[in-house]
Amino acid sequence: MNNKNLPNCITAFRIAGAVLLIFTASFSPAFYAVYTLCGVSDVADGFIARKFKTESELGSKLDSVADLLFYAVMLFKLIPTFIERLTAGIWCAIFAVLALRLASYIVAAVKYRRFASLHTYMNKATGLAVFSVPYFILLPFYLPLCVAVCAVAGAASAEELIIHLSSKEYEPERKTLVFRRNKTKR
């Protein structure tokens, strides 16, 4: 295998890990082992793609699909615990974040005629925050941590929506609302 295919292979590993998690008991040592490896693979694929300059639109889309599958499986696996532990206020915050995220996808689809999910710094922070939930959801002080996760996710979703609303064209390399990369290289 050459360096060009390595990031996509790592992303495929995350997809396989997400499927494996379906058959793993929640909060068991095996669950945490596979869960953690999936998280490490999520960081590693992008890092390796950038290091070897093998980033691609296919890789970015594959990464988004892997993320969506991984979090869908986690939601399926952890929803009984979430129903038991999360308050009505947290659920309202979650639905507000999801509504913002959906609005961002719809705006991008209408405006650019394509699926567009930006890999902004805030979205990366959201991924880390959401990824941390299974590690602390069973702890006694989980509630303020859940509020913090919702706040980060809401800010990231709002930022991406504003980027899509204010951009004239799709900017897949955009990392933040504050700064824009210059398209012309000197």
# chains A, B, ... in the order shown; residues from 1 in each chain; ligands from 1
$ residues_around --residues "Val110 (chain A)" --least-positions-apart "4" --cutoff "12 Å" --atoms "only C-alpha atoms" --output "ChimeraX atom specification"
/A:103-106,114-116,164-165,169-170
$ closest_atom_pairs --of "region 45-104 of chain A" --to "region 124-138 of chain A" --cutoff "12 Å" --atoms "only C-alpha atoms" --output "Markdown table"
| residue | atom | partner | partner_atom | distance |
| --- | --- | --- | --- | --- |
| A:Gly46 | CA | A:Lys124 | CA | 11.1 |
| A:Ser64 | CA | A:Gly127 | CA | 11.3 |
| A:Asp67 | CA | A:Gly127 | CA | 8.8 |
| A:Leu68 | CA | A:Gly127 | CA | 10.8 |
| A:Phe70 | CA | A:Phe131 | CA | 10.0 |
| A:Tyr71 | CA | A:Phe131 | CA | 8.6 |
| A:Met74 | CA | A:Pro134 | CA | 8.9 |
| A:Leu75 | CA | A:Pro134 | CA | 10.4 |
| A:Lys77 | CA | A:Pro134 | CA | 10.4 |
| A:Leu78 | CA | A:Pro134 | CA | 8.0 |
| A:Ile79 | CA | A:Pro134 | CA | 11.0 |
| A:Pro80 | CA | A:Ile137 | CA | 11.8 |
| A:Thr81 | CA | A:Ile137 | CA | 8.2 |
| A:Phe82 | CA | A:Ile137 | CA | 8.1 |
| A:Ile83 | CA | A:Ile137 | CA | 11.4 |
| A:Glu84 | CA | A:Leu138 | CA | 10.6 |
| A:Arg85 | CA | A:Ile137 | CA | 7.8 |
| A:Leu86 | CA | A:Ile137 | CA | 9.0 |
| A:Ile94 | CA | A:Val130 | CA | 11.1 |
| A:Val97 | CA | A:Thr126 | CA | 11.0 |
| A:Arg101 | CA | A:Thr126 | CA | 11.9 |
$ closest_residue --among "A:Leu69, A:Ile90, A:Ile163, A:Ala99" --to "Lys111 (chain A)" --atoms "only C-alpha atoms"
A:Ile163
$ atom_distance --atom1 "CA of Phe13 (chain A)" --atom2 "CA of Ser117 (chain A)"
21.1 Å
$ atom_distance --atom1 "CA of Glu160 (chain A)" --atom2 "CA of Lys61 (chain A)"
16.6 Å
$ residues_around --residues "region 29-32 of chain A" --least-positions-apart "5" --cutoff "10 Å" --atoms "only C-alpha atoms" --output "PyMOL selection string"
chain A and resi 20-24+37-38+134-135
$ closest_residue --among "A:Leu177, A:Asn5, A:Ile10, A:Cys146" --to "Trp91 (chain A)" --atoms "only C-alpha atoms"
A:Cys146
$ residues_around --residues "Leu58 (chain A)" --least-positions-apart "4" --cutoff "9 Å" --atoms "only C-alpha atoms" --output "PyMOL selection string"
chain A and resi 8+62-63
$ closest_residue --among "A:Lys175, A:Arg14, A:Lys4, A:Lys168" --to "Val73 (chain A)" --atoms "only C-alpha atoms"
A:Arg14
$ select_by_dssp --residues "region 10-56 of chain A" --states "helix (DSSP H, G or I)" --output "PyMOL selection string"
chain A and resi 10-22+29-51
$ write_last_selection --atoms "N, CA, C and O atoms" --output "compact mmCIF listing (two decimals), in the first residue's frame"
# COMPACT_ATOMS: atom_id res chain seq x y z
N ILE A 10 -7.37 4.05 6.50
CA ILE A 10 -7.62 4.32 7.91
C ILE A 10 -9.08 4.72 8.11
O ILE A 10 -9.73 4.29 9.08
N THR A 11 -9.61 5.51 7.19
CA THR A 11 -11.03 5.89 7.27
C THR A 11 -11.92 4.65 7.13
O THR A 11 -12.92 4.51 7.84
N ALA A 12 -11.55 3.74 6.23
CA ALA A 12 -12.30 2.48 6.07
C ALA A 12 -12.25 1.66 7.36
O ALA A 12 -13.24 1.00 7.72
N PHE A 13 -11.11 1.70 8.05
CA PHE A 13 -10.99 1.03 9.35
C PHE A 13 -12.02 1.57 10.33
O PHE A 13 -12.64 0.82 11.08
N ARG A 14 -12.22 2.91 10.33
CA ARG A 14 -13.21 3.52 11.21
C ARG A 14 -14.62 3.04 10.86
O ARG A 14 -15.44 2.80 11.74
N ILE A 15 -14.90 2.90 9.59
CA ILE A 15 -16.21 2.40 9.17
C ILE A 15 -16.40 0.97 9.68
O ILE A 15 -17.44 0.63 10.24
N ALA A 16 -15.37 0.14 9.52
CA ALA A 16 -15.44 -1.25 10.02
C ALA A 16 -15.58 -1.26 11.54
O ALA A 16 -16.36 -2.06 12.09
N GLY A 17 -14.87 -0.37 12.22
CA GLY A 17 -14.98 -0.29 13.68
C GLY A 17 -16.38 0.11 14.11
O GLY A 17 -16.91 -0.43 15.09
N ALA A 18 -17.00 1.03 13.38
CA ALA A 18 -18.36 1.45 13.70
C ALA A 18 -19.32 0.26 13.59
O ALA A 18 -20.18 0.07 14.44
N VAL A 19 -19.14 -0.53 12.56
CA VAL A 19 -19.99 -1.73 12.39
C VAL A 19 -19.73 -2.72 13.52
O VAL A 19 -20.67 -3.29 14.09
N LEU A 20 -18.47 -2.91 13.89
CA LEU A 20 -18.13 -3.82 14.99
C LEU A 20 -18.76 -3.36 16.30
O LEU A 20 -19.20 -4.19 17.11
N LEU A 21 -18.84 -2.07 16.51
CA LEU A 21 -19.42 -1.55 17.74
C LEU A 21 -20.90 -1.91 17.90
O LEU A 21 -21.40 -2.00 19.02
N ILE A 22 -21.57 -2.16 16.79
CA ILE A 22 -22.98 -2.58 16.86
C ILE A 22 -23.10 -3.87 17.67
O ILE A 22 -24.06 -4.06 18.41
N PRO A 29 -15.15 -3.08 28.35
CA PRO A 29 -13.77 -2.81 27.93
C PRO A 29 -13.58 -2.94 26.41
O PRO A 29 -12.87 -2.14 25.81
N ALA A 30 -14.23 -3.93 25.80
CA ALA A 30 -14.12 -4.10 24.34
C ALA A 30 -14.72 -2.88 23.63
O ALA A 30 -14.17 -2.40 22.64
N PHE A 31 -15.84 -2.39 24.14
CA PHE A 31 -16.47 -1.19 23.56
C PHE A 31 -15.50 -0.02 23.59
O PHE A 31 -15.27 0.65 22.58
N TYR A 32 -14.91 0.23 24.76
CA TYR A 32 -14.00 1.37 24.88
C TYR A 32 -12.75 1.19 24.02
O TYR A 32 -12.23 2.17 23.47
N ALA A 33 -12.27 -0.05 23.88
CA ALA A 33 -11.09 -0.30 23.04
C ALA A 33 -11.40 0.04 21.57
O ALA A 33 -10.65 0.78 20.92
N VAL A 34 -12.50 -0.50 21.04
CA VAL A 34 -12.86 -0.23 19.64
C VAL A 34 -13.23 1.24 19.46
O VAL A 34 -12.82 1.88 18.49
N TYR A 35 -13.96 1.77 20.40
CA TYR A 35 -14.38 3.17 20.35
C TYR A 35 -13.16 4.10 20.29
O TYR A 35 -13.10 5.01 19.46
N THR A 36 -12.19 3.84 21.15
CA THR A 36 -10.97 4.66 21.19
C THR A 36 -10.18 4.52 19.90
O THR A 36 -9.69 5.52 19.34
N LEU A 37 -10.04 3.30 19.37
CA LEU A 37 -9.33 3.10 18.10
C LEU A 37 -10.03 3.84 16.96
O LEU A 37 -9.37 4.42 16.09
N CYS A 38 -11.35 3.85 16.97
CA CYS A 38 -12.09 4.61 15.94
C CYS A 38 -11.78 6.10 16.07
O CYS A 38 -11.59 6.79 15.07
N GLY A 39 -11.72 6.59 17.29
CA GLY A 39 -11.40 8.00 17.49
C GLY A 39 -10.00 8.34 17.05
O GLY A 39 -9.77 9.37 16.39
N VAL A 40 -9.04 7.48 17.36
CA VAL A 40 -7.66 7.70 16.93
C VAL A 40 -7.59 7.68 15.40
O VAL A 40 -6.89 8.50 14.79
N SER A 41 -8.31 6.77 14.78
CA SER A 41 -8.30 6.69 13.31
C SER A 41 -8.88 7.95 12.68
O SER A 41 -8.45 8.37 11.61
N ASP A 42 -9.85 8.58 13.36
CA ASP A 42 -10.45 9.80 12.84
C ASP A 42 -9.42 10.93 12.80
O ASP A 42 -9.40 11.73 11.86
N VAL A 43 -8.57 10.99 13.80
CA VAL A 43 -7.51 12.00 13.82
C VAL A 43 -6.40 11.63 12.84
O VAL A 43 -5.89 12.46 12.10
N ALA A 44 -6.05 10.35 12.82
CA ALA A 44 -4.89 9.89 12.03
C ALA A 44 -5.11 10.05 10.53
O ALA A 44 -4.18 10.44 9.81
N ASP A 45 -6.31 9.75 10.03
CA ASP A 45 -6.51 9.81 8.57
C ASP A 45 -6.27 11.20 8.02
O ASP A 45 -5.56 11.38 7.04
N GLY A 46 -6.81 12.21 8.68
CA GLY A 46 -6.60 13.58 8.22
C GLY A 46 -5.16 14.04 8.38
O GLY A 46 -4.60 14.69 7.50
N PHE A 47 -4.56 13.69 9.52
CA PHE A 47 -3.17 14.07 9.76
C PHE A 47 -2.25 13.47 8.70
O PHE A 47 -1.41 14.17 8.12
N ILE A 48 -2.43 12.20 8.40
CA ILE A 48 -1.58 11.52 7.41
C ILE A 48 -1.84 12.07 6.01
O ILE A 48 -0.90 12.28 5.23
N ALA A 49 -3.09 12.34 5.70
CA ALA A 49 -3.40 12.91 4.37
C ALA A 49 -2.72 14.27 4.19
O ALA A 49 -2.17 14.55 3.12
N ARG A 50 -2.73 15.08 5.24
CA ARG A 50 -2.06 16.38 5.13
C ARG A 50 -0.54 16.22 5.10
O ARG A 50 0.14 16.89 4.33
N LYS A 51 -0.02 15.34 5.92
CA LYS A 51 1.44 15.15 5.99
C LYS A 51 2.01 14.69 4.64
O LYS A 51 3.05 15.17 4.20
$ closest_residue --among "A:Leu118, A:Ala66, A:Val178, A:Ala96" --to "Ala151 (chain A)" --atoms "only C-alpha atoms"
A:Ala96
$ atom_distance --atom1 "CA of Phe141 (chain A)" --atom2 "CA of Cys92 (chain A)"
19.5 Å
$ decode --residues "region 38-50 of chain A" --atoms "all heavy atoms" --output "compact mmCIF listing (two decimals), in the first residue's frame"
# COMPACT_ATOMS: atom_id res chain seq x y z
N CYS A 38 -11.35 3.85 16.97
CA CYS A 38 -12.09 4.61 15.94
C CYS A 38 -11.78 6.10 16.07
O CYS A 38 -11.59 6.79 15.07
CB CYS A 38 -13.59 4.35 16.07
SG CYS A 38 -14.13 2.74 15.47
N GLY A 39 -11.72 6.59 17.29
CA GLY A 39 -11.40 8.00 17.49
C GLY A 39 -10.00 8.34 17.05
O GLY A 39 -9.77 9.37 16.39
N VAL A 40 -9.04 7.48 17.36
CA VAL A 40 -7.66 7.70 16.93
C VAL A 40 -7.59 7.68 15.40
O VAL A 40 -6.89 8.50 14.79
CB VAL A 40 -6.72 6.65 17.56
CG1 VAL A 40 -5.34 6.68 16.92
CG2 VAL A 40 -6.63 6.87 19.07
N SER A 41 -8.31 6.77 14.78
CA SER A 41 -8.30 6.69 13.31
C SER A 41 -8.88 7.95 12.68
O SER A 41 -8.45 8.37 11.61
CB SER A 41 -9.04 5.45 12.82
OG SER A 41 -10.44 5.61 12.93
N ASP A 42 -9.85 8.58 13.36
CA ASP A 42 -10.45 9.80 12.84
C ASP A 42 -9.42 10.93 12.80
O ASP A 42 -9.40 11.73 11.86
CB ASP A 42 -11.65 10.20 13.69
CG ASP A 42 -12.48 11.31 13.07
OD1 ASP A 42 -12.35 11.55 11.85
OD2 ASP A 42 -13.26 11.93 13.80
N VAL A 43 -8.57 10.99 13.80
CA VAL A 43 -7.51 12.00 13.82
C VAL A 43 -6.40 11.63 12.84
O VAL A 43 -5.89 12.46 12.10
CB VAL A 43 -6.94 12.16 15.25
CG1 VAL A 43 -5.74 13.08 15.27
CG2 VAL A 43 -8.03 12.65 16.21
N ALA A 44 -6.05 10.35 12.82
CA ALA A 44 -4.89 9.89 12.03
C ALA A 44 -5.11 10.05 10.53
O ALA A 44 -4.18 10.44 9.81
CB ALA A 44 -4.58 8.44 12.36
N ASP A 45 -6.31 9.75 10.03
CA ASP A 45 -6.51 9.81 8.57
C ASP A 45 -6.27 11.20 8.02
O ASP A 45 -5.56 11.38 7.04
CB ASP A 45 -7.88 9.25 8.15
CG ASP A 45 -9.08 9.97 8.73
OD1 ASP A 45 -8.90 10.97 9.47
OD2 ASP A 45 -10.21 9.54 8.45
N GLY A 46 -6.81 12.21 8.68
CA GLY A 46 -6.60 13.58 8.22
C GLY A 46 -5.16 14.04 8.38
O GLY A 46 -4.60 14.69 7.50
N PHE A 47 -4.56 13.69 9.52
CA PHE A 47 -3.17 14.07 9.76
C PHE A 47 -2.25 13.47 8.70
O PHE A 47 -1.41 14.17 8.12
CB PHE A 47 -2.73 13.61 11.16
CG PHE A 47 -1.28 13.83 11.43
CD1 PHE A 47 -0.81 15.09 11.77
CD2 PHE A 47 -0.37 12.78 11.33
CE1 PHE A 47 0.54 15.30 12.02
CE2 PHE A 47 0.98 12.99 11.57
CZ PHE A 47 1.44 14.25 11.92
N ILE A 48 -2.43 12.20 8.40
CA ILE A 48 -1.58 11.52 7.41
C ILE A 48 -1.84 12.07 6.01
O ILE A 48 -0.90 12.28 5.23
CB ILE A 48 -1.78 9.99 7.48
CG1 ILE A 48 -1.19 9.47 8.79
CG2 ILE A 48 -1.15 9.29 6.28
CD1 ILE A 48 -1.51 8.04 9.11
N ALA A 49 -3.09 12.34 5.70
CA ALA A 49 -3.40 12.91 4.37
C ALA A 49 -2.72 14.27 4.19
O ALA A 49 -2.17 14.55 3.12
CB ALA A 49 -4.91 13.05 4.20
N ARG A 50 -2.73 15.08 5.24
CA ARG A 50 -2.06 16.38 5.13
C ARG A 50 -0.54 16.22 5.10
O ARG A 50 0.14 16.89 4.33
CB ARG A 50 -2.47 17.29 6.30
CG ARG A 50 -3.89 17.84 6.15
CD ARG A 50 -4.26 18.80 7.25
NE ARG A 50 -4.28 18.20 8.58
CZ ARG A 50 -5.28 17.48 9.07
NH1 ARG A 50 -6.36 17.27 8.33
NH2 ARG A 50 -5.23 16.98 10.28
